[in-house]
>>> print(open('upload.cif').read())   # mmCIF, C-alpha atoms
data_my_file
loop_
_atom_site.label_atom_id
_atom_site.label_comp_id
_atom_site.auth_asym_id
_atom_site.auth_seq_id
_atom_site.Cartn_x
_atom_site.Cartn_y
_atom_site.Cartn_z
CA MET A 1 106.73 89.83 159.92
CA VAL A 2 103.20 88.75 160.69
CA ASP A 3 102.86 85.16 161.92
CA PHE A 4 100.02 83.88 159.72
CA ALA A 5 100.19 80.40 161.24
CA ARG A 6 99.65 81.82 164.71
CA CYS A 7 96.91 84.11 163.43
CA ALA A 8 95.05 81.24 161.79
CA SER A 9 95.37 79.12 164.93
CA LEU A 10 93.69 81.72 167.11
CA LYS A 11 90.14 80.47 167.48
CA PRO A 12 87.72 83.38 167.84
CA GLU A 13 86.32 83.46 171.34
CA SER A 14 83.00 84.43 169.78
CA GLU A 15 82.62 80.95 168.27
CA SER A 16 82.64 79.35 171.69
CA ARG A 17 80.18 81.78 173.21
CA LEU A 18 77.73 82.37 170.39
CA SER A 19 74.81 82.20 172.75
CA ALA A 20 76.39 84.79 175.04
CA HIS A 21 76.37 88.52 174.37
CA VAL A 22 78.24 89.26 171.15
CA ASN A 23 80.21 92.50 171.08
CA VAL A 24 80.56 93.52 167.44
CA PHE A 25 82.21 96.89 166.87
CA VAL A 26 83.53 99.19 164.18
CA THR A 27 86.10 101.92 164.59
CA GLY A 28 87.50 104.11 161.86
CA LEU A 29 87.37 107.36 159.99
CA SER A 30 85.72 108.48 156.76
CA TYR A 31 85.32 111.46 154.46
CA LYS A 32 82.75 112.74 156.95
CA THR A 33 85.28 112.95 159.81
CA ALA A 34 88.72 113.27 158.18
CA PRO A 35 90.13 115.22 155.21
CA VAL A 36 91.88 113.49 152.33
CA GLU A 37 95.28 114.48 153.79
CA VAL A 38 94.59 112.19 156.75
CA ARG A 39 92.84 109.37 154.89
CA GLU A 40 95.60 108.96 152.35
CA LYS A 41 98.16 108.28 155.08
CA LEU A 42 96.13 105.35 156.38
CA ALA A 43 95.11 103.94 152.99
CA VAL A 44 95.83 100.19 152.69
CA ARG A 45 96.44 98.50 149.35
CA PRO A 46 94.14 95.50 148.76
CA SER A 47 97.10 93.10 148.68
CA LEU A 48 98.05 94.13 152.23
CA LEU A 49 94.61 93.69 153.81
CA PRO A 50 95.25 90.09 155.02
CA CYS A 51 98.66 90.96 156.47
CA LEU A 52 97.49 94.05 158.36
CA GLY A 53 94.29 92.31 159.41
CA CYS A 54 96.30 89.51 160.96
CA ARG A 55 98.50 92.04 162.74
CA LEU A 56 95.39 93.75 164.12
CA LYS A 57 93.92 90.48 165.36
CA ILE A 58 97.08 89.50 167.22
CA ASN A 59 98.35 92.84 168.54
CA ALA A 60 94.97 94.40 169.37
CA GLY A 61 93.61 91.23 170.95
CA LEU A 62 90.61 90.83 168.65
CA ASP A 63 88.60 87.63 168.22
CA GLU A 64 87.66 88.35 164.59
CA VAL A 65 88.52 91.23 162.27
CA VAL A 66 87.81 92.66 158.81
CA LEU A 67 89.81 95.66 157.58
CA LEU A 68 88.09 97.91 155.02
CA SER A 69 90.07 100.57 153.17
CA THR A 70 88.69 102.73 150.35
CA CYS A 71 89.36 106.26 149.11
CA ASN A 72 86.63 107.50 151.46
CA ARG A 73 87.14 105.43 154.60
CA VAL A 74 89.40 103.20 156.67
CA GLU A 75 87.43 101.03 159.08
CA VAL A 76 88.14 98.07 161.33
CA TYR A 77 85.25 95.71 162.07
CA GLY A 78 85.81 93.21 164.82
CA THR A 79 84.60 91.23 167.79
CA ALA A 80 86.14 91.38 171.23
CA PRO A 81 84.99 91.04 174.85
CA TRP A 82 85.26 94.84 175.10
CA ILE A 83 86.41 97.70 172.88
CA GLN A 84 87.27 100.36 175.45
CA GLY A 85 91.03 100.81 175.51
CA ARG A 86 91.58 98.88 172.28
CA VAL A 87 91.04 101.66 169.74
CA HIS A 88 94.47 103.18 170.31
CA ARG A 89 96.11 99.75 169.94
CA ILE A 90 94.17 99.13 166.73
CA PHE A 91 95.27 102.31 165.01
CA GLN A 92 98.84 101.99 166.24
CA GLN A 93 99.07 99.17 163.68
CA LEU A 94 97.82 101.38 160.83
CA CYS A 95 99.21 104.87 161.50
CA PRO A 96 102.66 106.31 160.95
CA VAL A 97 104.51 106.55 164.28
CA ASP A 98 104.21 110.35 164.58
CA MET A 99 100.52 110.56 163.62
CA ASP A 100 97.54 110.92 165.95
CA VAL A 101 94.18 110.25 164.31
CA THR A 102 92.18 110.20 167.54
CA PRO A 103 90.23 113.42 166.72
CA TYR A 104 88.91 111.83 163.51
CA LEU A 105 87.84 108.43 164.84
CA TYR A 106 84.40 107.08 165.58
CA VAL A 107 83.47 103.91 167.46
CA LYS A 108 80.18 102.07 167.23
CA GLU A 109 79.21 98.87 169.05
CA GLY A 110 76.54 96.21 168.84
CA VAL A 111 73.44 97.09 166.86
CA ASP A 112 74.91 100.50 165.92
CA ALA A 113 77.99 98.84 164.41
CA VAL A 114 75.91 96.35 162.43
CA ARG A 115 73.55 99.05 161.18
CA HIS A 116 76.56 101.15 160.15
CA LEU A 117 78.04 98.28 158.12
CA PHE A 118 74.72 97.66 156.40
CA SER A 119 74.50 101.37 155.49
CA VAL A 120 78.08 101.44 154.22
CA THR A 121 77.65 98.27 152.14
CA SER A 122 74.41 99.54 150.61
CA GLY A 123 76.00 102.84 149.57
CA LEU A 124 73.91 104.92 151.96
CA ASP A 125 76.98 106.26 153.79
CA SER A 126 78.89 107.02 150.59
CA MET A 127 79.78 110.42 149.20
CA VAL A 128 77.47 109.54 146.31
CA ILE A 129 74.37 108.08 147.94
CA GLY A 130 73.45 104.76 146.39
CA GLU A 131 76.73 104.16 144.55
CA THR A 132 77.47 100.51 143.93
CA GLU A 133 81.27 100.40 143.97
CA ILE A 134 81.42 100.24 147.77
CA THR A 135 79.46 96.96 147.79
CA GLY A 136 82.22 95.29 145.81
CA GLN A 137 84.90 96.82 148.02
CA VAL A 138 83.22 95.51 151.18
CA LYS A 139 82.90 92.08 149.58
CA LEU A 140 86.59 91.99 148.64
CA ALA A 141 87.64 93.13 152.14
CA TYR A 142 85.49 90.42 153.71
CA GLN A 143 86.76 87.73 151.34
CA ALA A 144 90.36 88.73 152.05
CA ALA A 145 89.76 88.44 155.81
CA GLN A 146 87.89 85.16 155.43
CA ALA A 147 90.64 83.64 153.26
CA ALA A 148 93.20 84.61 155.90
CA LYS A 149 91.02 82.97 158.58
CA LEU A 150 90.49 86.28 160.37
CA THR A 151 86.72 85.85 160.61
CA GLY A 152 84.53 83.37 162.44
CA ARG A 153 80.84 82.64 162.79
CA ILE A 154 80.02 86.16 163.99
CA LEU A 155 81.58 88.34 161.30
CA ASN A 156 80.76 85.75 158.65
CA ARG A 157 77.09 86.16 159.53
CA VAL A 158 77.35 89.92 159.81
CA PHE A 159 79.10 90.50 156.48
CA GLN A 160 77.04 87.94 154.56
CA THR A 161 73.89 89.62 155.82
CA ALA A 162 75.32 93.04 154.92
CA LEU A 163 75.80 91.92 151.32
CA GLN A 164 72.30 90.40 151.23
CA THR A 165 70.89 93.66 152.59
CA ALA A 166 72.65 95.69 149.90
CA LYS A 167 71.17 93.42 147.23
CA GLU A 168 67.67 93.76 148.68
CA ILE A 169 67.95 97.54 148.83
CA ARG A 170 69.18 97.68 145.24
CA THR A 171 66.27 95.48 144.11
CA ARG A 172 63.39 96.91 146.13
CA THR A 173 64.14 100.65 146.15
CA GLY A 174 65.14 103.35 143.71
CA ILE A 175 68.24 104.39 145.65
CA GLY A 176 70.50 103.31 142.79
CA ARG A 177 68.52 104.97 140.05
CA GLY A 178 70.97 107.24 138.30
CA ALA A 179 73.56 106.61 141.02
CA THR A 180 77.17 107.15 140.02
CA SER A 181 80.61 106.43 141.38
CA ALA A 182 83.05 109.17 142.32
CA GLY A 183 84.62 108.67 138.90
CA SER A 184 81.48 109.42 136.95
CA VAL A 185 80.74 112.38 139.21
CA ALA A 186 84.12 113.73 138.10
CA VAL A 187 82.91 113.43 134.52
CA GLU A 188 79.82 115.48 135.36
CA LEU A 189 82.10 118.14 136.80
CA ALA A 190 84.04 118.26 133.52
CA GLU A 191 80.78 118.65 131.59
CA ARG A 192 79.86 121.64 133.71
CA VAL A 193 83.19 123.35 133.07
CA PHE A 194 82.83 122.82 129.31
CA ALA A 195 79.13 123.79 129.23
CA GLY A 196 77.99 120.21 128.72
CA ASN A 197 79.83 119.72 125.44
CA LEU A 198 82.66 117.21 125.41
CA SER A 199 82.40 116.31 121.74
CA ASP A 200 85.54 118.23 120.76
CA LYS A 201 87.53 117.35 123.88
CA THR A 202 90.33 114.90 124.39
CA VAL A 203 90.23 112.96 127.64
CA MET A 204 93.15 111.18 129.22
CA ILE A 205 92.89 108.51 131.88
CA LEU A 206 96.03 108.08 133.95
CA GLY A 207 95.85 104.60 135.46
CA ALA A 208 93.71 101.76 134.11
CA GLY A 209 92.15 100.54 137.35
CA LYS A 210 88.44 100.00 137.88
CA MET A 211 87.64 103.60 138.74
CA GLY A 212 89.64 104.96 135.81
CA GLU A 213 88.01 102.43 133.49
CA ALA A 214 84.56 103.51 134.71
CA CYS A 215 85.44 107.10 133.80
CA VAL A 216 86.62 106.05 130.34
CA ARG A 217 83.41 104.18 129.60
CA HIS A 218 81.27 107.02 130.92
CA LEU A 219 83.13 109.56 128.80
CA ALA A 220 82.92 107.40 125.69
CA LYS A 221 79.13 107.40 126.05
CA ARG A 222 79.19 111.21 126.23
CA GLY A 223 80.80 111.39 122.79
CA THR A 224 84.28 112.69 123.54
CA ARG A 225 86.44 113.21 120.47
CA SER A 226 89.27 110.97 121.61
CA VAL A 227 90.47 109.02 124.62
CA LEU A 228 94.04 108.50 125.80
CA VAL A 229 94.95 105.77 128.27
CA ALA A 230 98.28 105.82 130.12
CA ASN A 231 99.21 103.09 132.55
CA ARG A 232 102.30 101.50 134.06
CA SER A 233 101.34 98.32 132.23
CA LEU A 234 101.33 99.28 128.56
CA GLU A 235 99.59 96.03 127.68
CA ARG A 236 96.72 96.87 130.00
CA ALA A 237 96.53 100.39 128.54
CA GLN A 238 96.45 98.99 125.02
CA THR A 239 93.65 96.55 125.88
CA LEU A 240 91.46 99.24 127.41
CA ALA A 241 92.22 101.75 124.67
CA ALA A 242 91.29 99.17 122.00
CA GLU A 243 87.93 98.55 123.66
CA LEU A 244 87.13 102.26 123.47
CA SER A 245 88.72 103.10 120.13
CA GLY A 246 91.28 105.15 122.01
CA ARG A 247 95.06 105.38 122.03
CA ALA A 248 97.45 103.89 124.57
CA LEU A 249 100.50 105.62 126.01
CA SER A 250 103.31 104.35 128.16
CA PHE A 251 103.44 105.71 131.68
CA GLU A 252 106.70 107.48 130.84
CA ASP A 253 104.92 109.42 128.07
CA ARG A 254 102.13 110.60 130.35
CA MET A 255 103.09 114.29 130.13
CA ALA A 256 102.89 114.17 126.33
CA GLY A 257 99.35 112.92 126.82
CA VAL A 258 98.56 115.67 129.33
CA MET A 259 99.79 118.27 126.83
CA GLU A 260 97.28 116.94 124.29
CA ALA A 261 94.35 116.43 126.64
CA ASP A 262 91.63 118.79 127.84
CA ILE A 263 90.59 116.62 130.78
CA VAL A 264 92.82 114.31 132.80
CA VAL A 265 91.32 111.85 135.26
CA SER A 266 94.03 110.33 137.44
CA SER A 267 93.60 107.22 139.57
CA THR A 268 96.81 105.21 139.50
CA GLY A 269 96.97 103.68 142.97
CA SER A 270 100.56 104.93 143.24
CA PRO A 271 101.81 105.50 146.81
CA THR A 272 103.60 108.68 145.66
CA THR A 273 102.88 111.76 143.53
CA VAL A 274 103.06 111.16 139.78
CA ILE A 275 102.42 114.71 138.46
CA TYR A 276 104.13 117.78 139.93
CA LYS A 277 103.65 121.52 139.44
CA HIS A 278 106.81 121.87 137.33
CA ASP A 279 105.54 119.07 135.05
CA ILE A 280 102.39 121.03 134.22
CA ALA A 281 104.15 124.41 134.07
CA GLY A 282 106.51 123.01 131.47
CA ILE A 283 103.73 122.19 128.99
CA LEU A 284 101.42 125.20 129.36
CA VAL A 285 103.05 127.21 126.57
CA ALA A 286 102.86 124.27 124.17
CA ARG A 287 99.17 123.94 125.05
CA ALA A 288 98.59 127.56 124.00
CA ASN A 289 97.02 128.12 127.43
CA ARG A 290 94.01 125.94 126.69
CA PRO A 291 92.10 125.22 129.92
CA LEU A 292 93.19 121.99 131.57
CA ILE A 293 90.98 120.14 134.01
CA LEU A 294 92.77 117.73 136.35
CA VAL A 295 90.56 115.41 138.36
CA ASP A 296 92.55 113.49 140.96
CA ILE A 297 90.39 110.68 142.35
CA ALA A 298 93.29 108.73 143.81
CA VAL A 299 94.08 108.23 147.49
CA PRO A 300 96.95 108.89 148.09
CA ARG A 301 96.69 111.78 145.64
CA ASP A 302 98.44 111.48 142.28
CA ILE A 303 98.74 115.20 141.57
CA ALA A 304 100.61 117.74 143.71
CA PRO A 305 98.14 120.21 145.32
CA ASP A 306 100.13 123.32 144.29
CA VAL A 307 99.36 122.59 140.62
CA GLU A 308 96.13 124.57 141.08
CA GLU A 309 98.22 127.75 141.43
CA LEU A 310 98.90 127.70 137.66
CA ASP A 311 96.75 129.79 135.28
CA ASN A 312 94.04 127.98 133.32
CA VAL A 313 94.57 124.81 135.33
CA TYR A 314 91.67 123.49 137.38
CA LEU A 315 92.53 120.80 139.92
CA TYR A 316 89.90 118.82 141.82
CA ASN A 317 90.64 116.06 144.30
CA ILE A 318 88.16 113.57 145.65
CA ASP A 319 87.02 115.91 148.43
CA HIS A 320 86.23 118.66 145.93
CA LEU A 321 83.64 116.38 144.36
CA GLU A 322 81.39 116.62 147.39
CA ALA A 323 79.50 119.69 146.11
CA ILE A 324 78.31 118.01 142.94
CA VAL A 325 77.62 114.87 144.93
CA ARG A 326 75.09 116.75 147.05
CA GLU A 327 73.16 117.75 143.96
CA ASN A 328 73.18 114.19 142.62
CA SER A 329 71.92 112.95 145.97
CA LYS A 330 68.72 114.99 146.21
CA LEU A 331 66.50 112.55 144.33
CA ARG A 332 68.05 109.50 145.97
CA GLU A 333 67.42 110.88 149.43
CA GLN A 334 63.72 110.39 148.83
CA GLU A 335 64.35 106.64 148.92
CA LEU A 336 66.33 106.69 152.16
CA SER A 337 63.36 105.95 154.41
CA LYS A 338 62.65 102.74 152.49
CA CYS A 339 66.29 101.74 152.65
CA ASN A 340 66.55 102.45 156.36
CA GLY A 341 63.44 100.39 156.99
CA ILE A 342 65.10 97.41 155.32
CA ILE A 343 68.27 97.96 157.32
CA VAL A 344 66.40 98.17 160.63
CA ARG A 345 64.50 94.96 159.87
CA ARG A 346 67.64 93.09 158.78
CA THR A 347 69.67 94.39 161.73
CA THR A 348 67.01 93.42 164.27
CA ALA A 349 66.71 89.90 162.85
CA LEU A 350 70.48 89.39 162.81
CA MET A 351 71.02 90.67 166.36
CA LEU A 352 68.30 88.31 167.61
CA LYS A 353 70.21 85.43 166.02
CA LEU A 354 73.52 86.55 167.49
CA ASN A 355 72.11 87.40 170.93
CA PRO A 356 68.98 85.27 171.37
CA PRO A 357 66.82 86.09 174.39
CA PRO A 358 66.87 83.54 177.24
CA VAL A 359 64.45 80.68 176.82
CA VAL A 360 61.87 80.42 179.59
CA ARG A 361 60.32 76.98 179.93
CA PRO A 362 57.33 76.13 182.12
CA VAL A 363 58.16 74.00 185.13
CA ALA A 364 56.07 70.85 185.22
CA ASN A 365 53.96 70.03 188.29
CA VAL A 366 54.85 73.22 190.14
CA GLU A 367 52.02 75.08 191.81
CA TRP A 368 52.21 78.85 191.48
CA VAL A 369 53.02 80.67 194.68
CA PRO A 370 52.14 84.37 194.89
CA GLY A 371 55.30 86.48 195.09
CA TRP A 372 57.41 84.25 192.86
CA SER A 373 59.26 86.04 190.08
CA LEU A 374 59.54 84.74 186.53
CA GLY A 375 63.22 84.00 187.07
CA GLU A 376 62.42 81.65 189.95
CA VAL A 377 60.45 79.33 187.72
CA ALA A 378 62.70 79.58 184.66
CA THR A 379 65.14 76.85 183.73
#
>>> encode(input="upload.cif", output="structure tokens")
Amino acid sequence: MVDFARCASLKPESESRLSAHVNVFVTGLSYKTAPVEVREKLAVRPSLLPCLGCRLKINAGLDEVVLLSTCNRVEVYGTAPWIQGRVHRIFQQLCPVDMDVTPYLYVKEGVDAVRHLFSVTSGLDSMVIGETEITGQVKLAYQAAQAAKLTGRILNRVFQTALQTAKEIRTRTGIGRGATSAGSVAVELAERVFAGNLSDKTVMILGAGKMGEACVRHLAKRGTRSVLVANRSLERAQTLAAELSGRALSFEDRMAGVMEADIVVSSTGSPTTVIYKHDIAGILVARANRPLILVDIAVPRDIAPDVEELDNVYLYNIDHLEAIVRENSKLREQELSKCNGIIVRRTTALMLKLNPPPVVRPVANVEWVPGWSLGEVAT
């Protein structure tokens, strides 16, 4: 059990040496370095972020820490006198005992770490460039760490500035113009399969979380014939279905919904598989072999990978979305230079605040002697 009282009592060393060199770092893995099979094993539920963050702070010897976990990345931001030798200790707290994630990890320090956070928070490092969902996820991760007293003056400044930077980029550039989340990209994929016409299709959302809800709303705007919503909480499913003139199903009746649907978008947040190959095989005859698109945007995955072996069944997980993401990113990439300019300016200003240059004051009534260095007359 994590000792929260002890964790809260640990005063970050960075607070007492703000004027000294501040060593901010990030270490982690993302969709760029690790496949979904690896990321899903390290995924941390939002409710566990404070607990695991506290464990990291104590066991890895960190001054301050923020743990960020999304479907596309697991990252640890922290401050410490040094990072060398700590990375292994950090990920020992997050990995299963028999798992080595060393080949997938990256480590950035100082200005590189800060610039990376600003890029992540602004959606520039996302699978869909310019998507806005990550900004909220960073904010929630930071607030969870702050509430658990895992942050101090350094990371408070860093994360607050990151959120301000994301807002400035959203306001002053076109990076978010037409930007979509991974969920709405999945909808675009479905439109391609059905030649852009979803008007006669039935869509089912399995799980009524934020990403699933975003898909529902996006699909409703595209004129789908009907929407089904299945969720562990039937009340939540009924509320969302009512908002969209859809129909709610209990989680136990999810396969009846799959049999009726043409497109299933699954994002339950379940730690285990919720749809298996034999589940789908058992309803194919009743479906008269109509094509079935399964879009699994959950991490860990909701749908067993071998489902794609079945005829007329098309399964896409979150990594499969990367191809369509590239196409959506072409126009937004034109705005990257503006965004990076803002990030460089914000990063430089913040690092000067965290690591101010030494103040050199003139020495009164001292006559200059040739050969003296600047340090010899500095106070």
>>> closest_residue(input="upload.cif", among="A:Leu234, A:Ser266, A:Ser337, A:Leu117", to="Phe251 of chain A", atoms="all atoms listed in the file")
A:Leu234
>>> closest_residue(input="upload.cif", among="A:Met259, A:Glu40, A:Arg45, A:Val74", to="Asp302 of chain A", atoms="all atoms listed in the file")
A:Glu40
>>> residues_around(input="upload.cif", residues="segment 290-295 of chain A", least_positions_apart="4", cutoff="10 Å", atoms="all atoms listed in the file", output="PyMOL selection string")
chain A and resi 183+186-187+189-190+193-194+203-205+258-267+280+284-286+302-303+307-308+311-318+320-321
>>> resolve_selection(input="upload.cif", expression="the PyMOL selection byres ((chain A and resi 339) around 12)", output="ChimeraX atom specification")
/A:115,118-125,129-130,165-176,332-338,340-346
>>> write_last_selection(input="upload.cif", atoms="C-alpha atoms", output="PDB file, keeping the file's coordinate frame")
ATOM      1  CA  ARG A 115      73.550  99.050 161.180  1.00  0.00           C
ATOM      2  CA  PHE A 118      74.720  97.660 156.400  1.00  0.00           C
ATOM      3  CA  SER A 119      74.500 101.370 155.490  1.00  0.00           C
ATOM      4  CA  VAL A 120      78.080 101.440 154.220  1.00  0.00           C
ATOM      5  CA  THR A 121      77.650  98.270 152.140  1.00  0.00           C
ATOM      6  CA  SER A 122      74.410  99.540 150.610  1.00  0.00           C
ATOM      7  CA  GLY A 123      76.000 102.840 149.570  1.00  0.00           C
ATOM      8  CA  LEU A 124      73.910 104.920 151.960  1.00  0.00           C
ATOM      9  CA  ASP A 125      76.980 106.260 153.790  1.00  0.00           C
ATOM     10  CA  ILE A 129      74.370 108.080 147.940  1.00  0.00           C
ATOM     11  CA  GLY A 130      73.450 104.760 146.390  1.00  0.00           C
ATOM     12  CA  THR A 165      70.890  93.660 152.590  1.00  0.00           C
ATOM     13  CA  ALA A 166      72.650  95.690 149.900  1.00  0.00           C
ATOM     14  CA  LYS A 167      71.170  93.420 147.230  1.00  0.00           C
ATOM     15  CA  GLU A 168      67.670  93.760 148.680  1.00  0.00           C
ATOM     16  CA  ILE A 169      67.950  97.540 148.830  1.00  0.00           C
ATOM     17  CA  ARG A 170      69.180  97.680 145.240  1.00  0.00           C
ATOM     18  CA  THR A 171      66.270  95.480 144.110  1.00  0.00           C
ATOM     19  CA  ARG A 172      63.390  96.910 146.130  1.00  0.00           C
ATOM     20  CA  THR A 173      64.140 100.650 146.150  1.00  0.00           C
ATOM     21  CA  GLY A 174      65.140 103.350 143.710  1.00  0.00           C
ATOM     22  CA  ILE A 175      68.240 104.390 145.650  1.00  0.00           C
ATOM     23  CA  GLY A 176      70.500 103.310 142.790  1.00  0.00           C
ATOM     24  CA  ARG A 332      68.050 109.500 145.970  1.00  0.00           C
ATOM     25  CA  GLU A 333      67.420 110.880 149.430  1.00  0.00           C
ATOM     26  CA  GLN A 334      63.720 110.390 148.830  1.00  0.00           C
ATOM     27  CA  GLU A 335      64.350 106.640 148.920  1.00  0.00           C
ATOM     28  CA  LEU A 336      66.330 106.690 152.160  1.00  0.00           C
ATOM     29  CA  SER A 337      63.360 105.950 154.410  1.00  0.00           C
ATOM     30  CA  LYS A 338      62.650 102.740 152.490  1.00  0.00           C
ATOM     31  CA  ASN A 340      66.550 102.450 156.360  1.00  0.00           C
ATOM     32  CA  GLY A 341      63.440 100.390 156.990  1.00  0.00           C
ATOM     33  CA  ILE A 342      65.100  97.410 155.320  1.00  0.00           C
ATOM     34  CA  ILE A 343      68.270  97.960 157.320  1.00  0.00           C
ATOM     35  CA  VAL A 344      66.400  98.170 160.630  1.00  0.00           C
ATOM     36  CA  ARG A 345      64.500  94.960 159.870  1.00  0.00           C
ATOM     37  CA  ARG A 346      67.640  93.090 158.780  1.00  0.00           C
TER      38      ARG A 346
END
>>> closest_residue(input="upload.cif", among="A:Glu235, A:Asp100, A:Glu75, A:Glu188", to="Ala248 of chain A", atoms="all atoms listed in the file")
A:Glu235
>>> resolve_selection(input="upload.cif", expression="the PyMOL selection byres ((chain A and resi 269-274) around 10)", output="ChimeraX atom specification")
/A:40-41,43-45,206-209,232,251,254,266-268,275-276,279,297-305
>>> residues_around(input="upload.cif", residues="Ala34 of chain A", least_positions_apart="3", cutoff="9 Å", atoms="all atoms listed in the file", output="number ranges by chain")
A: 29-31, 37-39, 73, 101, 103-105
>>> write_last_selection(input="upload.cif", atoms="C-alpha atoms", output="short mmCIF file (atom, residue, chain, number, x, y, z; two decimals), keeping the file's coordinate frame")
data_model
loop_
_atom_site.label_atom_id
_atom_site.label_comp_id
_atom_site.auth_asym_id
_atom_site.auth_seq_id
_atom_site.Cartn_x
_atom_site.Cartn_y
_atom_site.Cartn_z
CA LEU A 29 87.37 107.36 159.99
CA SER A 30 85.72 108.48 156.76
CA TYR A 31 85.32 111.46 154.46
CA GLU A 37 95.28 114.48 153.79
CA VAL A 38 94.59 112.19 156.75
CA ARG A 39 92.84 109.37 154.89
CA ARG A 73 87.14 105.43 154.60
CA VAL A 101 94.18 110.25 164.31
CA PRO A 103 90.23 113.42 166.72
CA TYR A 104 88.91 111.83 163.51
CA LEU A 105 87.84 108.43 164.84
#
>>> closest_residue(input="upload.cif", among="A:Lys149, A:Arg287, A:Arg236, A:Lys221", to="Met255 of chain A", atoms="all atoms listed in the file")
A:Arg287
>>> closest_residue(input="upload.cif", among="A:Ala230, A:Leu198, A:Ala162, A:Leu62", to="His218 of chain A", atoms="all atoms listed in the file")
A:Leu198
>>> closest_residue(input="upload.cif", among="A:Arg177, A:Val114, A:Asn197, A:Asp253", to="Ala349 of chain A", atoms="all atoms listed in the file")
A:Val114
>>> atom_distance(input="upload.cif", atom1="atom CA of Asp200 of chain A", atom2="atom CA of Thr224 of chain A")
6.3 Å
>>> atom_distance(input="upload.cif", atom1="atom CA of Phe91 of chain A", atom2="atom CA of Ile154 of chain A")
22.2 Å
>>> resolve_selection(input="upload.cif", expression="the PyMOL selection byres ((chain A and resi 145) around 12)", output="NGL selection string")
:A and (4 or 7-8 or 46-57 or 64-68 or 76-78 or 138-144 or 146-152 or 155-156 or 159)
>>> atom_distance(input="upload.cif", atom1="atom CA of Val325 of chain A", atom2="atom CA of Glu131 of chain A")
10.8 Å
>>> decode(input="upload.cif", residues="segment 319-334 of chain A", atoms="N, CA and C atoms", output="PDB file, in the first residue's frame")
ATOM      1  N   ASP A 319      -3.912   1.408 -33.665  1.00  0.00           N
ATOM      2  CA  ASP A 319      -2.723   1.557 -34.501  1.00  0.00           C
ATOM      3  C   ASP A 319      -3.060   1.541 -35.993  1.00  0.00           C
ATOM      4  N   HIS A 320      -4.124   0.828 -36.356  1.00  0.00           N
ATOM      5  CA  HIS A 320      -4.516   0.771 -37.764  1.00  0.00           C
ATOM      6  C   HIS A 320      -5.001   2.129 -38.270  1.00  0.00           C
ATOM      7  N   LEU A 321      -5.362   3.010 -37.359  1.00  0.00           N
ATOM      8  CA  LEU A 321      -5.886   4.310 -37.769  1.00  0.00           C
ATOM      9  C   LEU A 321      -4.795   5.243 -38.285  1.00  0.00           C
ATOM     10  N   GLU A 322      -3.544   4.848 -38.111  1.00  0.00           N
ATOM     11  CA  GLU A 322      -2.456   5.774 -38.432  1.00  0.00           C
ATOM     12  C   GLU A 322      -2.436   6.169 -39.902  1.00  0.00           C
ATOM     13  N   ALA A 323      -2.828   5.279 -40.811  1.00  0.00           N
ATOM     14  CA  ALA A 323      -2.792   5.603 -42.240  1.00  0.00           C
ATOM     15  C   ALA A 323      -3.727   6.760 -42.572  1.00  0.00           C
ATOM     16  N   ILE A 324      -4.958   6.689 -42.093  1.00  0.00           N
ATOM     17  CA  ILE A 324      -5.893   7.779 -42.365  1.00  0.00           C
ATOM     18  C   ILE A 324      -5.496   9.041 -41.621  1.00  0.00           C
ATOM     19  N   VAL A 325      -4.830   8.867 -40.491  1.00  0.00           N
ATOM     20  CA  VAL A 325      -4.350  10.020 -39.739  1.00  0.00           C
ATOM     21  C   VAL A 325      -3.354  10.816 -40.568  1.00  0.00           C
ATOM     22  N   ARG A 326      -2.481  10.123 -41.277  1.00  0.00           N
ATOM     23  CA  ARG A 326      -1.478  10.818 -42.096  1.00  0.00           C
ATOM     24  C   ARG A 326      -2.148  11.725 -43.127  1.00  0.00           C
ATOM     25  N   GLU A 327      -3.200  11.222 -43.739  1.00  0.00           N
ATOM     26  CA  GLU A 327      -3.894  12.020 -44.738  1.00  0.00           C
ATOM     27  C   GLU A 327      -4.545  13.247 -44.105  1.00  0.00           C
ATOM     28  N   ASN A 328      -5.131  13.047 -42.919  1.00  0.00           N
ATOM     29  CA  ASN A 328      -5.780  14.177 -42.237  1.00  0.00           C
ATOM     30  C   ASN A 328      -4.762  15.210 -41.776  1.00  0.00           C
ATOM     31  N   SER A 329      -3.516  14.794 -41.650  1.00  0.00           N
ATOM     32  CA  SER A 329      -2.498  15.677 -41.088  1.00  0.00           C
ATOM     33  C   SER A 329      -1.827  16.581 -42.115  1.00  0.00           C
ATOM     34  N   LYS A 330      -2.018  16.318 -43.388  1.00  0.00           N
ATOM     35  CA  LYS A 330      -1.274  17.058 -44.414  1.00  0.00           C
ATOM     36  C   LYS A 330      -1.502  18.569 -44.321  1.00  0.00           C
ATOM     37  N   LEU A 331      -2.762  18.980 -44.228  1.00  0.00           N
ATOM     38  CA  LEU A 331      -3.044  20.414 -44.174  1.00  0.00           C
ATOM     39  C   LEU A 331      -2.567  21.033 -42.868  1.00  0.00           C
ATOM     40  N   ARG A 332      -2.680  20.272 -41.779  1.00  0.00           N
ATOM     41  CA  ARG A 332      -2.284  20.827 -40.482  1.00  0.00           C
ATOM     42  C   ARG A 332      -0.777  20.998 -40.369  1.00  0.00           C
ATOM     43  N   GLU A 333      -0.041  20.184 -41.104  1.00  0.00           N
ATOM     44  CA  GLU A 333       1.412  20.281 -41.041  1.00  0.00           C
ATOM     45  C   GLU A 333       1.917  21.635 -41.528  1.00  0.00           C
ATOM     46  N   GLN A 334       1.114  22.299 -42.352  1.00  0.00           N
ATOM     47  CA  GLN A 334       1.507  23.610 -42.845  1.00  0.00           C
ATOM     48  C   GLN A 334       1.562  24.642 -41.710  1.00  0.00           C
TER      49      GLN A 334
END
